[in-house]
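File shown: data.cif (mmCIF, C-alpha atoms).
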data_structure
#
loop_
_atom_site.group_PDB
_atom_site.id
_atom_site.type_symbol
_atom_site.label_atom_id
_atom_site.label_comp_id
_atom_site.auth_asym_id
_atom_site.auth_seq_id
_atom_site.Cartn_x
_atom_site.Cartn_y
_atom_site.Cartn_z
ATOM 1 C CA MET A 1 40.353 97.284 -5.171
ATOM 2 C CA LEU A 2 39.991 95.494 -1.855
ATOM 3 C CA PHE A 3 36.197 95.805 -1.995
ATOM 4 C CA ARG A 4 36.135 94.446 -5.537
ATOM 5 C CA SER A 5 38.152 91.362 -4.492
ATOM 6 C CA LEU A 6 35.955 90.822 -1.489
ATOM 7 C CA GLY A 7 32.821 91.118 -3.648
ATOM 8 C CA LEU A 8 34.145 88.544 -6.114
ATOM 9 C CA THR A 9 35.061 86.200 -3.275
ATOM 10 C CA LEU A 10 31.589 86.472 -1.735
ATOM 11 C CA ALA A 11 29.907 86.034 -5.120
ATOM 12 C CA ALA A 12 32.003 82.963 -5.782
ATOM 13 C CA CYS A 13 31.044 81.475 -2.429
ATOM 14 C CA GLY A 14 27.359 82.187 -3.015
ATOM 15 C CA SER A 15 27.325 80.736 -6.509
ATOM 16 C CA THR A 16 28.804 77.403 -5.431
ATOM 17 C CA LYS A 17 26.243 76.838 -2.686
ATOM 18 C CA LYS A 18 24.305 73.631 -3.339
ATOM 19 C CA ASN A 19 21.184 72.243 -1.709
ATOM 20 C CA GLU A 20 21.799 71.957 1.976
ATOM 21 C CA GLU A 21 22.414 68.396 3.016
ATOM 22 C CA SER A 22 22.895 66.793 6.368
ATOM 23 C CA THR A 23 24.298 63.456 7.325
ATOM 24 C CA THR A 24 22.504 61.389 9.933
ATOM 25 C CA ARG A 25 23.709 57.910 10.799
ATOM 26 C CA GLY A 26 25.683 57.730 7.569
ATOM 27 C CA VAL A 27 22.736 58.690 5.337
ATOM 28 C CA THR A 28 22.842 61.959 3.412
ATOM 29 C CA VAL A 29 19.474 63.696 3.297
ATOM 30 C CA ASP A 30 18.617 66.531 0.918
ATOM 31 C CA GLN A 31 16.977 69.041 3.270
ATOM 32 C CA SER A 32 15.522 71.110 0.403
ATOM 33 C CA ALA A 33 13.556 68.190 -1.045
ATOM 34 C CA PRO A 34 9.868 68.194 -0.097
ATOM 35 C CA LEU A 35 8.832 65.614 2.459
ATOM 36 C CA VAL A 36 6.638 62.853 1.049
ATOM 37 C CA ASP A 37 4.315 60.993 3.394
ATOM 38 C CA ARG A 38 5.035 57.368 2.525
ATOM 39 C CA ASN A 39 2.398 56.190 4.989
ATOM 40 C CA TYR A 40 -0.553 58.339 3.951
ATOM 41 C CA MET A 41 -3.680 57.352 5.903
ATOM 42 C CA ASN A 42 -1.671 54.525 7.504
ATOM 43 C CA THR A 43 -1.529 52.590 4.203
ATOM 44 C CA GLY A 44 2.213 52.389 3.561
ATOM 45 C CA MET A 45 1.610 54.340 0.355
ATOM 46 C CA THR A 46 1.820 57.965 -0.745
ATOM 47 C CA GLN A 47 -1.260 60.039 -1.419
ATOM 48 C CA SER A 48 -0.522 60.022 -5.154
ATOM 49 C CA GLU A 49 -0.133 56.226 -5.151
ATOM 50 C CA LEU A 50 -3.569 55.900 -3.516
ATOM 51 C CA GLU A 51 -5.051 58.340 -6.005
ATOM 52 C CA GLY A 52 -3.515 56.271 -8.809
ATOM 53 C CA LEU A 53 -5.638 53.383 -7.537
ATOM 54 C CA GLY A 54 -8.734 55.576 -7.518
ATOM 55 C CA ILE A 55 -8.743 56.024 -3.738
ATOM 56 C CA MET A 56 -9.305 59.697 -2.982
ATOM 57 C CA GLY A 57 -8.697 60.377 0.698
ATOM 58 C CA ASN A 58 -9.269 57.838 3.431
ATOM 59 C CA PRO A 59 -9.597 54.188 2.290
ATOM 60 C CA LEU A 60 -12.050 53.666 5.163
ATOM 61 C CA ASP A 61 -14.522 55.818 3.226
ATOM 62 C CA TYR A 62 -14.791 52.944 0.727
ATOM 63 C CA LYS A 63 -16.720 49.847 1.766
ATOM 64 C CA THR A 64 -17.272 48.118 -1.567
ATOM 65 C CA LEU A 65 -14.660 45.943 -3.259
ATOM 66 C CA TYR A 66 -15.109 45.072 -6.930
ATOM 67 C CA PHE A 67 -14.175 41.931 -8.872
ATOM 68 C CA GLU A 68 -13.573 40.948 -12.452
ATOM 69 C CA TYR A 69 -15.985 38.662 -14.263
ATOM 70 C CA ASN A 70 -16.012 35.100 -12.892
ATOM 71 C CA SER A 71 -13.171 35.900 -10.480
ATOM 72 C CA THR A 72 -12.445 35.861 -6.760
ATOM 73 C CA ALA A 73 -9.055 37.581 -7.172
ATOM 74 C CA ILE A 74 -8.692 40.748 -5.105
ATOM 75 C CA ASP A 75 -7.106 43.588 -7.097
ATOM 76 C CA ARG A 76 -4.609 46.062 -5.599
ATOM 77 C CA ARG A 77 -7.202 48.801 -5.004
ATOM 78 C CA SER A 78 -9.531 46.454 -3.128
ATOM 79 C CA GLU A 79 -6.610 45.001 -1.183
ATOM 80 C CA VAL A 80 -5.597 48.438 0.118
ATOM 81 C CA ILE A 81 -9.181 49.162 1.165
ATOM 82 C CA ALA A 82 -9.659 45.767 2.858
ATOM 83 C CA ARG A 83 -6.353 46.057 4.744
ATOM 84 C CA ALA A 84 -7.266 49.548 5.979
ATOM 85 C CA HIS A 85 -10.579 48.236 7.309
ATOM 86 C CA ALA A 86 -8.840 45.254 8.895
ATOM 87 C CA ARG A 87 -6.439 47.551 10.777
ATOM 88 C CA ALA A 88 -9.277 49.791 11.967
ATOM 89 C CA ILE A 89 -11.370 46.814 13.042
ATOM 90 C CA GLY A 90 -8.397 45.227 14.803
ATOM 91 C CA GLU A 91 -7.755 48.434 16.747
ATOM 92 C CA SER A 92 -11.358 48.678 17.914
ATOM 93 C CA GLY A 93 -11.415 44.999 18.955
ATOM 94 C CA GLY A 94 -14.327 42.613 18.942
ATOM 95 C CA THR A 95 -16.206 44.318 16.114
ATOM 96 C CA LYS A 96 -18.755 42.237 14.222
ATOM 97 C CA VAL A 97 -18.137 42.504 10.480
ATOM 98 C CA VAL A 98 -20.382 41.198 7.716
ATOM 99 C CA LEU A 99 -18.829 40.608 4.300
ATOM 100 C CA GLU A 100 -21.605 40.435 1.709
ATOM 101 C CA GLY A 101 -20.636 38.691 -1.524
ATOM 102 C CA HIS A 102 -22.467 39.513 -4.750
ATOM 103 C CA ALA A 103 -22.373 38.458 -8.399
ATOM 104 C CA ASP A 104 -23.816 39.818 -11.621
ATOM 105 C CA GLU A 105 -26.869 38.214 -13.219
ATOM 106 C CA ARG A 106 -24.961 36.028 -15.652
ATOM 107 C CA GLY A 107 -24.673 32.402 -14.564
ATOM 108 C CA THR A 108 -27.079 30.171 -12.723
ATOM 109 C CA ARG A 109 -28.509 31.132 -9.351
ATOM 110 C CA ASP A 110 -26.503 28.397 -7.579
ATOM 111 C CA TYR A 111 -23.292 29.337 -9.365
ATOM 112 C CA ASN A 112 -23.710 33.024 -8.460
ATOM 113 C CA LEU A 113 -24.428 32.189 -4.813
ATOM 114 C CA ALA A 114 -21.235 30.102 -4.691
ATOM 115 C CA LEU A 115 -19.217 32.820 -6.430
ATOM 116 C CA GLY A 116 -20.480 35.487 -4.012
ATOM 117 C CA GLU A 117 -19.538 33.230 -1.089
ATOM 118 C CA LEU A 118 -16.037 32.624 -2.464
ATOM 119 C CA ARG A 119 -15.546 36.367 -2.948
ATOM 120 C CA SER A 120 -16.618 37.187 0.607
ATOM 121 C CA GLN A 121 -14.396 34.408 1.988
ATOM 122 C CA ALA A 122 -11.395 35.726 0.026
ATOM 123 C CA VAL A 123 -11.910 39.182 1.530
ATOM 124 C CA GLY A 124 -12.392 37.628 4.986
ATOM 125 C CA ARG A 125 -9.078 35.744 4.767
ATOM 126 C CA LEU A 126 -7.269 38.900 3.648
ATOM 127 C CA MET A 127 -8.756 40.934 6.478
ATOM 128 C CA ALA A 128 -8.021 38.250 9.085
ATOM 129 C CA ASP A 129 -4.403 38.132 7.894
ATOM 130 C CA SER A 130 -4.200 41.945 7.912
ATOM 131 C CA GLY A 131 -5.022 42.679 11.529
ATOM 132 C CA ALA A 132 -8.759 42.225 11.981
ATOM 133 C CA GLY A 133 -7.705 40.361 15.118
ATOM 134 C CA ASN A 134 -10.365 38.766 17.252
ATOM 135 C CA SER A 135 -13.204 40.487 15.408
ATOM 136 C CA GLU A 136 -16.016 38.313 14.175
ATOM 137 C CA LEU A 137 -15.884 38.141 10.374
ATOM 138 C CA GLN A 138 -19.120 36.744 8.962
ATOM 139 C CA THR A 139 -19.396 35.942 5.263
ATOM 140 C CA ILE A 140 -22.654 35.768 3.376
ATOM 141 C CA SER A 141 -23.581 35.518 -0.280
ATOM 142 C CA TYR A 142 -26.513 37.115 -2.024
ATOM 143 C CA GLY A 143 -25.380 35.986 -5.454
ATOM 144 C CA GLU A 144 -27.300 37.978 -8.045
ATOM 145 C CA GLU A 145 -30.286 38.635 -5.742
ATOM 146 C CA ARG A 146 -29.357 42.159 -4.570
ATOM 147 C CA PRO A 147 -27.939 44.037 -7.550
ATOM 148 C CA ALA A 148 -26.424 47.472 -7.024
ATOM 149 C CA ASP A 149 -27.557 48.285 -10.562
ATOM 150 C CA ALA A 150 -30.491 46.381 -12.084
ATOM 151 C CA SER A 151 -29.597 47.366 -15.671
ATOM 152 C CA HIS A 152 -28.386 44.780 -18.167
ATOM 153 C CA SER A 153 -25.078 46.280 -19.284
ATOM 154 C CA GLU A 154 -21.368 45.798 -18.718
ATOM 155 C CA ALA A 155 -21.306 48.819 -16.373
ATOM 156 C CA ALA A 156 -24.162 47.343 -14.310
ATOM 157 C CA TRP A 157 -22.548 43.912 -14.201
ATOM 158 C CA GLN A 158 -19.271 45.493 -13.016
ATOM 159 C CA ALA A 159 -21.122 47.312 -10.221
ATOM 160 C CA ASN A 160 -22.771 44.057 -9.152
ATOM 161 C CA ARG A 161 -19.566 41.963 -8.879
ATOM 162 C CA ARG A 162 -18.639 43.051 -5.399
ATOM 163 C CA VAL A 163 -18.152 42.437 -1.688
ATOM 164 C CA GLU A 164 -19.631 44.989 0.697
ATOM 165 C CA ILE A 165 -17.990 45.479 4.106
ATOM 166 C CA SER A 166 -20.491 46.239 6.891
ATOM 167 C CA TYR A 167 -19.722 46.975 10.542
#

Just give me the structure as structure tokens.
Amino acid sequence: MLFRSLGLTLAACGSTKKNEESTTRGVTVDQSAPLVDRNYMNTGMTQSELEGLGIMGNPLDYKTLYFEYNSTAIDRRSEVIARAHARAIGESGGTKVVLEGHADERGTRDYNLALGELRSQAVGRLMADSGAGNSELQTISYGEERPADASHSEAAWQANRRVEISY
């Protein structure tokens, strides 16, 4: 009878065990929860958040930022990539960076040159504000003159609306 009572007591203790938690500085942490890297590749984001933006792996592997039609607005994906490059450039110090602005073939030559310049300047300001430090950021526009895709389709035009980061 004693063994039966002891068995029930032990079973009861085992069945009420919850996830182990610890308290550190007044914060309770669930020790069984998987750790999530909230600064994956030094971006301040998780790996799945980066993948949701279409960034697979290291943002430094991407050197082309894309734009919407007739726009100089930097989208979230391009912002993450530009900031990652700015941090890397700032850490290396004194790096010469060329930001090449491009446009698709629609619009006049002069308009597309101006649009490419405004795009490269927008990326330059973002990178300067994001840690590019004393690096030399040079902006240049090729307008529609150097297409990534010479086809005449929406997909080609999208590929041509870009800023390329070179260093």

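Relative to CA of Leu65 in chain A, CA of Ala84 in chain A is found at 12.4 Å.
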
So which residues touch Ile81 in chain A within 7 Å, counting all atoms listed in the file, skipping near sequence neighbours fewer than 4 positions away, as a VMD selection string?
chain A and resid 59 to 60 62 77 85

When distances are computed from only C-alpha atoms, which of A:Ala155, A:Ile55, A:Ala148, A:Ile74 shows the smallest separation from Met127 in chain A?
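Distance minimum relative to Met127 in chain A lands on A:Ile74.
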
Find, counting all atoms listed in the file, the residue in A:Ile165, A:Gly131, A:Ser78, A:Arg106 that gets nearest to His152 in chain A.
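Among the listed residues, A:Arg106 lies closest to His152 in chain A.
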
Which residues would end up in the selection if the PyMOL selection byres ((chain A and resi 159) around 9) were applied here, given that I need the answer as a PyMOL selection string?
chain A and resi 66-67+104+147-149+154-158+160-162

Please, could you write that set of residues out with C-alpha atoms as a CSV table (one decimal), in the coordinates of the input?
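Here's the written file part.csv:
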chain,number,residue,atom,x,y,z
A,66,TYR,CA,-15.1,45.1,-6.9
A,67,PHE,CA,-14.2,41.9,-8.9
A,104,ASP,CA,-23.8,39.8,-11.6
A,147,PRO,CA,-27.9,44.0,-7.6
A,148,ALA,CA,-26.4,47.5,-7.0
A,149,ASP,CA,-27.6,48.3,-10.6
A,154,GLU,CA,-21.4,45.8,-18.7
A,155,ALA,CA,-21.3,48.8,-16.4
A,156,ALA,CA,-24.2,47.3,-14.3
A,157,TRP,CA,-22.5,43.9,-14.2
A,158,GLN,CA,-19.3,45.5,-13.0
A,160,ASN,CA,-22.8,44.1,-9.2
A,161,ARG,CA,-19.6,42.0,-8.9
A,162,ARG,CA,-18.6,43.1,-5.4

List the neighbours of range 50-53 of chain A out to 9 Å using all atoms listed in the file; skip same-chain residues closer than 5 positions along the sequence, and give me the result as a ChimeraX atom specification.
/A:40,43,45,59,76-77,80

Point (-14.1, 39.4, 4.8) neighbourhood (10 Å, only C-alpha atoms) written as an MDAnalysis selection string
chainID A and resid 82 85:86 97:101 119:128 132 136:140 163:166

Edge lengths and centre in Å to one decimal, as lines of an AutoDock Vina configuration file, of the axis-aligned box that encloses all listed atoms of range 122-127 of chain A with 3 Å added on every side?
center_x = -9.8
center_y = 38.3
center_z = 3.3
size_x = 11.1
size_y = 11.2
size_z = 12.5

Evaluate the PyMOL selection byres ((chain A and resi 145) around 9) and report residues as a CSV table (one decimal) with C-alpha atoms, in the frame of the given file:
chain,number,residue,atom,x,y,z
A,102,HIS,CA,-22.5,39.5,-4.8
A,103,ALA,CA,-22.4,38.5,-8.4
A,104,ASP,CA,-23.8,39.8,-11.6
A,105,GLU,CA,-26.9,38.2,-13.2
A,109,ARG,CA,-28.5,31.1,-9.4
A,113,LEU,CA,-24.4,32.2,-4.8
A,142,TYR,CA,-26.5,37.1,-2.0
A,143,GLY,CA,-25.4,36.0,-5.5
A,144,GLU,CA,-27.3,38.0,-8.0
A,146,ARG,CA,-29.4,42.2,-4.6
A,147,PRO,CA,-27.9,44.0,-7.6
